[in-house]
Amino acid sequence: MRFSSFEYNLRQGLKNIWRNKMFSIASVATMTACIFLFGLFYSISVNFSGMVKKAERGVAVTVYFDKNATQDEIDKIGTAISKRKEVARYNFVTADEAWARYQKDYFKGHTNVADSFADDNPLEDMANYEIYLKDVSRQAGLVSYLEGLAGVREVHQSASTARTLTDFNALVRYISLGIIIILIAVAAFLISNTVSVGISVRKEEIAIMKLIGARDAFVRAPFVVEGILIGLIGSIIPLVILGLVYSNIIHYVAERFDALKSMFSFVSTGDIFHVLIPVSLLLGVGIGYAGSRITLKRHLNV
Amino acid sequence: MRFSSFEYNLRQGLKNIWRNKMFSIASVATMTACIFLFGLFYSISVNFSGMVKKAERGVAVTVYFDKNATQDEIDKIGTAISKRKEVARYNFVTADEAWARYQKDYFKGHTNVADSFADDNPLEDMANYEIYLKDVSRQAGLVSYLEGLAGVREVHQSASTARTLTDFNALVRYISLGIIIILIAVAAFLISNTVSVGISVRKEEIAIMKLIGARDAFVRAPFVVEGILIGLIGSIIPLVILGLVYSNIIHYVAERFDALKSMFSFVSTGDIFHVLIPVSLLLGVGIGYAGSRITLKRHLNV
Amino acid sequence: MIKLEHVSKTYEAGVQALKDVSLHIRPGEFVFIVGDSGSGKSTLIKLLLKELSPSSGKIVVNGKDLSRISHRHVPDYRRKIGCVFQNFRLLQDRNVYENVAFAMRVIEAGKRQIKKQVPYMLSLVGLAAKYRSLPRHLSGGEQQRVAIARALVNKPKILLADEPTGNLDGHNAWEIMKLLDQINKAGTTVVVVTHNMEIVRAMNKRVITIRKGSVVDDQKGDADAI
Amino acid sequence: MIKLEHVSKTYEAGVQALKDVSLHIRPGEFVFIVGDSGSGKSTLIKLLLKELSPSSGKIVVNGKDLSRISHRHVPDYRRKIGCVFQNFRLLQDRNVYENVAFAMRVIEAGKRQIKKQVPYMLSLVGLAAKYRSLPRHLSGGEQQRVAIARALVNKPKILLADEPTGNLDGHNAWEIMKLLDQINKAGTTVVVVTHNMEIVRAMNKRVITIRKGSVVDDQKGDADAI
Ligand SMILES: Nc1ncnc2c1ncn2[C@@H]1O[C@H](COP(=O)(O)OP(=O)(O)OP(=O)(O)O)[C@@H](O)[C@H]1O
Ligand SMILES: Nc1ncnc2c1ncn2[C@@H]1O[C@H](COP(=O)(O)OP(=O)(O)OP(=O)(O)O)[C@@H](O)[C@H]1O
Ligand SMILES: [Mg+2]
Ligand SMILES: [Mg+2]
């Protein structure tokens with residue numbers, strides 16, 4: 001193609017968008033709506049997943065020692081724990097700390113009860129390592145490893161909580177993935193639908209061009225330019241809207257529901273858009289391009 | 001309109017769908033996709049909301065009595081509690097029960113610790129009423145009411161859990177509502193867009209009819225029939241798909257993630273579709289009808 | 001019957017298609033309108049059908065000022081007029097039969113009447129065999145004849161025909177002209193735009209000549225003079 | 001140059017539009033094709049442009065068997081042919097200038113050449129002033145002239161014109177005919193389908209008559225006889 005043809009086709013593509021305002025608006029709107037929904041769900045599920053992750057990290061495995069365990073043994077256990085990859089962090093809780101925490105947790109506001117124990121620590125033997133995991137699903141493995149260590153009396157685990165969280169996380173992941181796949185499929189379908197309706201309407205124009213002697217590539221070029229541009233516009237608009245909405249909403253939610261703050265922190269706008277921008281552009285431009293090419297193929301056989 | 005005209009228009013509406021296959025398919029597809037997404041989110045959010053509700057019900061307010069409270073006073077407090085509307089259920093916990101539960105909860109697996117107390121119940125004064133609420137957000141009111149009663153030493157509430165749950169529930173509700181509103185708006189927009197593109201393409205046909213002397217109503221009728229039928233088809237398809245998908249998924253999830261069962265039970269297919277069917281039909285048929293009428297108005301001024 | 005008083009029409013683009021045209025066509029007349037390409041003949045037809053409104057001046061048809069007809073009553077007005085459009089304007093998604101029948105459905109004619117009248121009209125224009133074809137499967141002249149059949153099927157009081165024989169061979173053109181003459185004899189006012197001077201001369205009717213939007217000549221035919 | 005051997009064309013609907021047509025048009029000839037409405041003239045033109053394929057028979061143009069041209073090379077073939085379609089087939093969303101320029105862009109003509117040639121062609125058909133109008137804002141005859149300008153702008157080797165003067169007044173029709181004659185004198189083979197017997201007689205060229213899909217007459221004009 002000569003440069004002047006290329007330039008001509010580029011200009012025609014732009015003009016086509018203007019000439020077929022109705023379809024251009026419909027296409028851009030469809031694309032905007034679909035990519036907006038996709039972005040919305042992506043953001044929600046990423047945040048939700050983050051929340052579950054955080055909750056997971058709060059689950060601990062507690063290691064109690066043999067009554068006659070030496071400090072040396074206890075230290076060795078600590079070293080062994082520190083070497084495990086699934087461990088996020090761990091800390092040593094002395095018997096006194098354990099009792100103090102007990103009182104605080106369970107006798108809160110009932111000082112008279114706690115007082116009844118006086119200075120007598122009922123949890124004398126309860127010094128322990130509190131271990132926080134990176135991934136709750138690997139808890140069982142860690143527990144059986146720890147139980148095999150010398151000086152370990154017992155390993156306490158919150159079995160049901162762990163399983164619930166693992167299951168819940170998996171469920172959320174499946175649902176999010178399912179929704180996102182459905183959304184991408186729906187978006188792809190609707191967008192290519194709109195593009196192909198737009199082209200079908202102009203099949204007489206395409207036939208005329210071909211009858212005058214235009215090559216397929218020459219007829220196609222403006223439509224493809226149009227498809228790509230519509231894809232571009234239709235993905236930039238929802239990205240801008242999402243950007244504004246997202247940063248405002250996390251701000252608002254963080255203020256309004258401060259009790260939730262402790263439960264989860266939001267994924268930053270930057271992190272979300274790091275993924276969202278390339279995926280959306282690919283979706284918009286890709287479908288715009290592919291949709292127009294595929295539909296044109298049908299009409300070029302004149 | 002004469003009956004033969006009515007019949008003619010009905011038949012024309014049906015034929016229009018066939019003649020404009022491309023647009024009919026596009027419209028039905030758009031509608032199907034939108035209503036499917038709407039139904040999907042409605043189901044998810046109803047279930048999620050149910051889950052949070054169930055979690056809420058697990059939160060309790062505990063009422064402790066004055067050391068010298070008589071059984072009569074305690075009974076009176078019970079009666080007062082039973083009269084409160086926000087109370088879901090309540091039960092009396094004796095000091096012995098309280099201690100037994102304590103031991104079970106906190107010394108689980110550490111019988112030696114519990115043994116150190118022998119038969120000496122450290123929670124002698126801890127007989128209480130355990131009250132479960134219908135709605136956590138009304139907890140504060142109940143607490144201050146209970147604190148005013150004679151014989152009440154102290155009212156214990158899990159303040160942070162309650163607030164977290166209330167906040168969380170509100171957040172989920174806002175997000176669901178937001179998403180559902182966005183989905184309805186997007187659906188309405190896309191569907192009416194498709195309908196109006198379909199009609200715009202036939203504006204020459206509409207102009208010809210008007211020039212031959214057809215009244216607006218006569219030109220409009222087949223289009224409106226077409227719009228309603230497309231709306232009907234486009235809402236029945238997603239409803240059927242949702243019905244199948246939903247009942248299968250709740251079955252699958254219930255089996256696969258049995259740990260979650262305790263956390264929430266699924267809302268029944270019947271309950272979901274009780275709302276979903278009328279809303280979807282209204283959405284589909286309503287937009288099909290309104291969309292075609294509004295778009296036609298623009299083209300009838302010939 | 002048809003009266004134009006100082007009618008001008010300027011399109012949005014600034015093109016002045018008609019300039020101060022005054023005309024009077026009496027009931028039952030047969031009038032040819034001739035003129036160069038782009039002189040404003042189709043514009044005149046469109047004004048008479050109220051497809052367009054004049055920029056200035058007054059058009060009275062059947063005693064009614066067209067500018068006074070409300071949107072609601074435009075269909076009633078058009079039903080009394082049959083129109084053959086220069087570019088046919090057939091309903092592309094309906095077949096030949098439906099295109100002609102449509103004009104009858106519009107006036108809420110009975111089913112039986114439609115079933116009788118439509119095939120009769122199609123046979124008059126020589127298209128009885130093609131009644132199930134879609135317009136795009138017809139030759140140019142066949143499409144034109146469908147348009148003529150549709151304009152005539154309701155026996156209108158006024159017939160406006162914009163270049164009704166442009167795509168027809170001499171024989172077919174003559175047949176159509178004889179048909180129009182018959183209809184005129186039965187009382188219909190006929191206005192025909194044409195470039196076919198052979199036919200105009202042979203028919204010997206009133207001829208209005210338009211040039212660049214103005215009426216430059218208006219000659220009574222011998223047939224009328226009698 | 002153009003050779004048809006036992007060509008038949010039956011449409012899907014079962015209509016036999018051409019029956020066993022054999023023809024030979026020599027390079028540089030000027031041929032009129034006449035015949036009743038629906039006799040198959042446009043079908044013949046469509047076959048020559050390879051818009052349709054014959055049901056049977058062989059068509060050879062410029063020494064090439066049309067059925068042997070691959071999809072890839074159809075554009076090259078069409079570029080050597082100028083065609084005026086019966087229903088104009090203008091690009092509705094482009095203005096007059098763009099419609100004519102489009103034919104030049106297709107053959108990748110230079111910008112300068114386009115800027116020179118298009119206004120010249122438009123002035124030849126008398127539309128220099130309307131170059132910015134959209135087709136729907138033109139009169140019937142003006143649209144036809146745009147179609148003619150587009151067919152001629154590339155100085156094709158073969159010109160196929162299907163009813164090029166159906167919407168033109170006598171004066172304009174003559175101007176167009178003179179133009180076609182000039183082009184023919186410059187070496188282009190010209191095939192004109194028309195109903196205008198006045199012009200056919202006056203031009204005195206070869207006339208092929210088709211009736212119901214068959215060639216029934218083929219008369220050399222006096223001009224050729226010389
Ligand atoms: N919609 C429009 N917008 C702008 N200009 C128009 C429009 N329609 C017609 N014109 C212009 O008005 C003038 C008269 O057009 P009109 O169609 O009435 O001509 P006509 O006499 O019917 O010609 P023909 O014999 O070629 O059909 C022409 O110059 C034409 O370009
Ligand atoms: N696409 C089609 N499908 C079916 N039949 C067709 C199709 N196109 C044309 N025909 C039929 O083929 C026959 C010849 O048509 P064609 O267009 O070649 O006629 P024509 O000689 O050009 O007539 P006119 O002078 O009226 O334009 C006609 O009877 C027509 O109805
Ligand atoms: Mg005209
Ligand atoms: Mg033809």
# chains A, B, ... in the order shown; residues from 1 in each chain; ligands from 1
>>> calpha_fit_rmsd(fixed="chain B", moving="chain A")
0.5 Å
>>> residues_near_ligand(ligand="ligand 3", cutoff="8 Å", atoms="only C-alpha atoms and all ligand atoms", output="mmCIF file with N, CA and C atoms, in the first residue's frame")
data_model
loop_
_atom_site.group_PDB
_atom_site.id
_atom_site.type_symbol
_atom_site.label_atom_id
_atom_site.label_comp_id
_atom_site.auth_asym_id
_atom_site.auth_seq_id
_atom_site.Cartn_x
_atom_site.Cartn_y
_atom_site.Cartn_z
ATOM 1 N N SER C 37 -32.352 18.233 -15.681
ATOM 2 C CA SER C 37 -31.959 17.564 -14.438
ATOM 3 C C SER C 37 -31.565 18.617 -13.401
ATOM 4 N N GLY C 38 -32.133 18.491 -12.211
ATOM 5 C CA GLY C 38 -31.792 19.430 -11.139
ATOM 6 C C GLY C 38 -32.587 20.712 -11.159
ATOM 7 N N GLY C 40 -35.732 21.118 -10.218
ATOM 8 C CA GLY C 40 -36.649 21.267 -9.089
ATOM 9 C C GLY C 40 -37.960 20.505 -9.216
ATOM 10 N N LYS C 41 -38.038 19.591 -10.186
ATOM 11 C CA LYS C 41 -39.286 18.857 -10.406
ATOM 12 C C LYS C 41 -39.610 17.931 -9.222
ATOM 13 N N SER C 42 -38.623 17.158 -8.795
ATOM 14 C CA SER C 42 -38.865 16.256 -7.681
ATOM 15 C C SER C 42 -39.181 17.035 -6.416
ATOM 16 N N THR C 43 -38.538 18.174 -6.278
ATOM 17 C CA THR C 43 -38.803 19.003 -5.114
ATOM 18 C C THR C 43 -40.283 19.402 -5.088
ATOM 19 N N GLN C 86 -39.232 8.821 -7.676
ATOM 20 C CA GLN C 86 -38.200 8.696 -8.705
ATOM 21 C C GLN C 86 -37.281 7.511 -8.442
ATOM 22 N N ASP C 162 -43.193 10.654 -10.396
ATOM 23 C CA ASP C 162 -41.905 11.282 -10.666
ATOM 24 C C ASP C 162 -41.076 10.347 -11.541
ATOM 25 N N GLU C 163 -41.029 10.663 -12.813
ATOM 26 C CA GLU C 163 -40.236 9.868 -13.758
ATOM 27 C C GLU C 163 -40.658 8.395 -13.748
ATOM 28 N N VAL C 193 -43.975 13.786 -13.916
ATOM 29 C CA VAL C 193 -42.670 14.371 -14.224
ATOM 30 C C VAL C 193 -41.990 13.427 -15.187
ATOM 31 N N SER D 139 -30.444 15.517 -7.054
ATOM 32 C CA SER D 139 -31.605 15.076 -7.833
ATOM 33 C C SER D 139 -31.229 13.762 -8.511
ATOM 34 N N GLY D 140 -32.249 13.047 -9.014
ATOM 35 C CA GLY D 140 -32.007 11.749 -9.645
ATOM 36 C C GLY D 140 -30.977 11.853 -10.767
ATOM 37 N N GLY D 141 -31.144 12.829 -11.620
ATOM 38 C CA GLY D 141 -30.245 12.988 -12.755
ATOM 39 C C GLY D 141 -28.830 13.341 -12.325
ATOM 40 N N ASN D 167 -32.545 8.976 -16.133
ATOM 41 C CA ASN D 167 -33.048 10.076 -15.313
ATOM 42 C C ASN D 167 -32.610 11.438 -15.842
#
>>> residues_around(residues="segment 65-77 of chain A", least_positions_apart="6", cutoff="8 Å", atoms="only C-alpha atoms", output="list in words")
Asp125, Met126, Ala127, Asn128, Leu149, Ala150, Gly151, Val152, Arg153 and Glu154 of chain A
>>> atom_distance(atom1="atom CA of Ala140 of chain A", atom2="atom CA of Gly50 of chain A")
22.3 Å
>>> residues_around(residues="Thr194 of chain D", least_positions_apart="4", cutoff="9 Å", atoms="only C-alpha atoms", output="PyMOL selection string")
(chain C and resi 167+169) or (chain D and resi 32-35+161-166+199-200)
>>> residues_around(residues="segment 30-41 of chain A", least_positions_apart="5", cutoff="8 Å", atoms="only C-alpha atoms", output="list in words")
Ser176, Ile179, Ile180, Leu183, Ile184, Val186, Ala187, Leu190, Ile191, Thr194, Gly231, Gly234, Ser235, Ile237, Pro238, Leu239, Ile241, Leu242, Leu276, Ser280 and Gly284 of chain A; Val186 and Leu190 of chain B
>>> interface_residues(of="chain A", to="chain D", cutoff="8 Å", atoms="only C-alpha atoms", output="ChimeraX atom specification")
/A:2,4-5,19,205,208,210-215,218,301-302
>>> write_last_selection(atoms="C-alpha atoms", output="mmCIF file, in the first residue's frame")
data_model
loop_
_atom_site.group_PDB
_atom_site.id
_atom_site.type_symbol
_atom_site.label_atom_id
_atom_site.label_comp_id
_atom_site.auth_asym_id
_atom_site.auth_seq_id
_atom_site.Cartn_x
_atom_site.Cartn_y
_atom_site.Cartn_z
ATOM 1 C CA ARG A 2 1.350 3.423 -0.911
ATOM 2 C CA SER A 4 -0.982 8.169 0.397
ATOM 3 C CA SER A 5 -3.341 5.161 0.483
ATOM 4 C CA ARG A 19 -20.375 9.217 9.586
ATOM 5 C CA GLU A 205 -20.990 0.192 0.521
ATOM 6 C CA ILE A 208 -19.771 -1.018 -4.310
ATOM 7 C CA LYS A 210 -15.328 -4.060 -4.541
ATOM 8 C CA LEU A 211 -17.211 -3.587 -7.832
ATOM 9 C CA ILE A 212 -15.172 -0.485 -8.576
ATOM 10 C CA GLY A 213 -12.040 -2.569 -8.258
ATOM 11 C CA ALA A 214 -10.897 -2.042 -4.684
ATOM 12 C CA ARG A 215 -8.735 -4.765 -3.191
ATOM 13 C CA PHE A 218 -8.153 -1.362 0.716
ATOM 14 C CA ASN A 301 -16.650 -11.987 -1.387
ATOM 15 C CA VAL A 302 -18.181 -9.791 -4.059
#
